[in-house]
Every structure is written in C-alpha cells, then in structure tokens.
Amino acid sequence: MTSGVIGSQSSLSDYHQEMHDDAMRLKDNMLLARGEGLTYQEIAELFDVSRQRVHQILTGYRSPATHASLHDPIRKAKRKRTVKQVVLAHYGNGKVACVKCGFSDIRALSIDHINGDGWKDRAKSNGNTFHRGGSGMYYYLRRNSYPEGYQTLCMNCQFIKRETRQEYRRY
Ligand SMILES: [Zn+2]
C-alpha cells in the first residue's frame, strides 16, 4: 500500500476490519493487565502509549471475549509474564534487557538483588518467604512500589557475578 491510496472497496473494508481487530486486541490485552492490578501508568509504559490513551481505550466498548479470557488459565499464565515484563523493564532502565550486557530474551532474565547474597537471598512477603527469581518476586517488588537495590540481569551476568563474589570470599 503506497501513499495511503487503497485500490478497491473490498480492500478498504478489509483494512478497516484489520484496524478494528488490532484495536480490540490491544484493548483486551490492556484489560488483562488491568485485571492483574497494573496501574494506568504501568499499562501505558508496557504498551508504549500515553496514560490518557489507556484511559480512553479502557473506558470504551468492552469485548465480550474479555470476561471469559480473564479466567482462562492460559491467559492467566500470560498475565504473569506481563507483570514480569513490567518489573524487568523497571529494573532494566526502561528496557526488558540485562543492564550489564543488554541481552533481551525474557526467558533468561531475572531480578538481581544488587547487594544480596546470591541464591541465598530471599525476601519476606506477607509472612511468606519466597525464593528470589520466583514469580512471587515480581509481585512483591510491584506491590512495594519498586524498592531500590535491584537490577535486571541475564543468567550469564548473574553467574559471572556469583563466581566473582565467591572468588572474593576465598581471599
Ligand atoms: Zn547480561
């Protein structure tokens, strides 16, 4: 499609249908993030739109599929990833990437407690102890307004950091 000229009626309506589908998908994803308890600001950052736009989209027409998908186990698993993305981006200086080397595959990224004691580091949340790196960590950090002292690191950089610390201890 060049210079915005659309050849025929049928491709014009296809085009509009596609736009509409995209908008509904965006809205569904935002509603799911909202259902997970993310603020408008966090959703705006996650989807790279303004806060006002998030409000506009979320207060508009609600897709009938949304209610069902809020309770769908697969969508629930995806929402967990959404919270992980938001937290990783916060501690990755705005990017879902390792702050040391820039590696950006979310599967190998996690939160590192900067002055923590490697794998032994744990955080208390509502009386429950959970392991660093578990999904509880992301909810904990988000609920506590993103405390300082954490950073997003890839597994390589975490292993290197751990090795380096062990070497220090030996001498
Ligand atoms: Zn790294």
# chains A, B, ... in the order shown; residues from 1 in each chain; ligands from 1
call {"tool": "residues_around", "arguments": {"residues": "Val86 in chain A", "least_positions_apart": "5", "cutoff": "10 Å", "atoms": "only C-alpha atoms", "output": "number ranges by chain"}}
result
A: 38, 42-43, 45-46, 81, 91-92, 94-96, 138, 142
call {"tool": "residues_near_ligand", "arguments": {"ligand": "ligand 1", "cutoff": "9 Å", "atoms": "only C-alpha atoms and all ligand atoms", "output": "list in words"}}
result
Ala97, Cys98, Val99, Lys100, Cys101, Gly102, Phe103, Ser104, Leu109, Thr152, Leu153, Cys154, Met155, Asn156, Cys157 and Gln158 of chain A
call {"tool": "select_by_dssp", "arguments": {"residues": "range 63-108 of chain A", "states": "helix (DSSP H, G or I)", "output": "list in words"}}
result
Pro64, Ala65, Thr66, His67, Ala68, Ser69, Leu70, Pro73, Ile74, Arg75, Lys76, Ala77, Lys78, Arg79, Lys80, Arg81, Thr82, Val83, Lys84, Gln85, Val86, Val87, Leu88, Ala89, His90, Tyr91, Ile106, Arg107 and Ala108 of chain A
call {"tool": "atom_distance", "arguments": {"atom1": "CA of Ile74 in chain A", "atom2": "CA of Leu32 in chain A"}}
result
11.9 Å
call {"tool": "residues_around", "arguments": {"residues": "Leu31 in chain A", "least_positions_apart": "4", "cutoff": "7 Å", "atoms": "only C-alpha atoms", "output": "PDB file with N, CA and C atoms, in the first residue's frame"}}
result
ATOM      1  N   LYS A  27      -7.048  -3.572  23.337  1.00  0.00           N
ATOM      2  CA  LYS A  27      -7.914  -3.332  24.484  1.00  0.00           C
ATOM      3  C   LYS A  27      -7.988  -4.571  25.383  1.00  0.00           C
ATOM      4  N   GLY A  35      -6.718  -6.186  34.945  1.00  0.00           N
ATOM      5  CA  GLY A  35      -7.252  -7.231  35.831  1.00  0.00           C
ATOM      6  C   GLY A  35      -6.168  -7.763  36.760  1.00  0.00           C
ATOM      7  N   LEU A  58      -9.668   1.899  27.692  1.00  0.00           N
ATOM      8  CA  LEU A  58     -10.266   1.038  28.710  1.00  0.00           C
ATOM      9  C   LEU A  58     -11.687   1.428  29.082  1.00  0.00           C
TER      10      LEU A  58
END
call {"tool": "atom_distance", "arguments": {"atom1": "CA of Asp22 in chain A", "atom2": "CA of Val49 in chain A"}}
result
14.4 Å
call {"tool": "closest_residue", "arguments": {"among": "A:Tyr140, A:Gln56, A:Tyr40, A:Asn29", "to": "Lys76 in chain A", "atoms": "only C-alpha atoms"}}
result
A:Asn29
call {"tool": "atom_distance", "arguments": {"atom1": "CA of Ile111 in chain A", "atom2": "CA of Met137 in chain A"}}
result
8.1 Å
call {"tool": "residues_around", "arguments": {"residues": "Lys80 in chain A", "least_positions_apart": "3", "cutoff": "10 Å", "atoms": "only C-alpha atoms", "output": "PDB file with C-alpha atoms, in the first residue's frame"}}
result
ATOM      1  CA  ALA A  33      -3.125  -6.147  32.527  1.00  0.00           C
ATOM      2  CA  GLU A  36      -3.806  -8.108  37.099  1.00  0.00           C
ATOM      3  CA  ARG A  75      -4.295 -16.065  29.665  1.00  0.00           C
ATOM      4  CA  LYS A  76      -3.583 -16.091  33.400  1.00  0.00           C
ATOM      5  CA  ALA A  77      -0.118 -17.504  32.691  1.00  0.00           C
ATOM      6  CA  VAL A  83       3.905  -8.440  35.438  1.00  0.00           C
ATOM      7  CA  LYS A  84       7.352  -9.923  34.908  1.00  0.00           C
ATOM      8  CA  GLN A  85       7.825  -7.705  31.846  1.00  0.00           C
ATOM      9  CA  SER A 135       7.223 -15.166  40.177  1.00  0.00           C
ATOM     10  CA  GLY A 136       6.380 -14.040  43.732  1.00  0.00           C
ATOM     11  CA  TYR A 138       7.817  -9.717  40.701  1.00  0.00           C
ATOM     12  CA  TYR A 139       4.561  -9.242  42.569  1.00  0.00           C
TER      13      TYR A 139
END
